[in-house]
Amino acid sequence: MSNVITSASQLKFKLSDLPDLPAPGRVLMVRPDHFSIDYVINPHMEGFVGKVNKAKAMQQWEQVRNAFAQTGLEVVEMEGKPGLPDMVFSANQSLPYCKPDGTNEVIMSIMNSPYRQPEVPHFADWYDEQGYTRHHLDGEILPIFEGMGDGIWHPGRRLLWGGYGFRTSKDAYDFISETFEVPVVALALHKPQFYHLDTCFCVLNEDSVLIYPKAFEPEGLKLIRSLFKNVIEAPEEEALQQFACNATCPDGKHVIIQSGAKQTTRALKDAGFEIIEVETGEFLKSGGSVFCMKLLLW
Ligand code: ARG
């Protein structure tokens with residue numbers, strides 16, 4: 001049975017009622033050899049077609065990879081494919097999950113943009129090699145779903161946060177909730193610059209999240225505040241210019257974040273987090289940063 005929650009009055013559990021979810025130990029990253037901006041599918045890409053500095057992008061990608069390795073994650077690399085310039089954003093093609101019995105499963109995305117749809121089979125092949133059980137969304141209802149761009153696991157608990165409105169349809173979460181047997185808290189997104197949940201919502205640990213509040217509707221904010229004790233807010237300028245909420249905290253302690261988000265990093269430090277700043281400027285031109293450049297996996 002699906003359990004998709006869209007308002008605080010539907011919350012029938014406390015976080016501590018939900019079973020534990022082990023922390024992911026690996027990240028999958030796609031090498032940026034074929035990264036470029038060839039089309040515009042989000043507002044950040046406007047004006048940047050043909051404007052990626054490839055050498056710089058490679059350096060930045062390596063810095064991000066090293067930052068993940070530094071926090072103790074195993075980094076798995078996949079080759080990019082010619083003609084798929086956004087494949088480097090490996091958060092988007094799938095949503096992996098580790099079942100309570102320890103087996104690994106995955107739901108493959110149906111990407112919104114036809115430009116990006118051919119990325120998905122490359123990931124499906126990879127999952128087959130890794131022994132994951134693959135699930136596919138119901139093609140008859142034709143929902144759209146962009147993996148961990150919109151579906152984000154609550155740290156340490158079997159609960160999924162699901163953004164919808166731009167790249168994912170709300171219907172997709174019924175299937176996801178039913179398939180993985182988890183509750184999904186669905187959050188409407190309404191600002192085109194914040195087109196994926198990971199552009200405005202960064203889980204830090206079981207109690208803490210970093211958000212850009214104006215990307216959400218009032219009911220969504222209520223849900224976030226009901227389940228996280230500490231809600232840190234990024235100012236608009238940093239959420240937009242540095243993609244501050246597209247950071248990643250893989251271990252509940254270190255936050256890997258685009259450099260220059262001064263107020264956000266100050267607030268994170270005050271809350272006890274350690275900051276690892278990286279430069280992702282070439283990827284920001286495409287509307288992505290740290291979070292979308294990797295996929296957290298078990
Ligand atoms: N250019 C890519 C797109 O618009 C960027 C994706 C960034 N990924 C993310 N999870 N926010 O699809």
# chains A, B, ... in the order shown; residues from 1 in each chain; ligands from 1
$ residues_near_ligand --ligand "ligand 1" --cutoff "9 Å" --atoms "only C-alpha atoms and all ligand atoms" --output "number ranges by chain"
A: 37, 39-45, 85-92, 111-113, 116, 146-150, 167, 194-199, 246, 283-294
$ select_by_dssp --residues "segment 15-89 of chain A" --states "strand (DSSP E)" --output "ChimeraX atom specification"
/A:26-30,74-78
$ residues_around --residues "Trp161 of chain A" --least-positions-apart "3" --cutoff "6 Å" --atoms "only C-alpha atoms" --output "PyMOL selection string"
chain A and resi 151-152+184-185
$ atom_distance --atom1 "atom CA of Glu206 of chain A" --atom2 "atom CA of Asn104 of chain A"
21.8 Å
$ closest_residue --among "A:Phe273, A:Trp126, A:Phe243, A:Tyr97" --to "Ser259 of chain A" --atoms "only C-alpha atoms"
A:Phe243
$ select_by_dssp --residues "segment 26-197 of chain A" --states "helix (DSSP H, G or I)" --output "number ranges by chain"
A: 32-34, 43-45, 54-70, 117-130, 147-149, 172-180, 192-194, 197
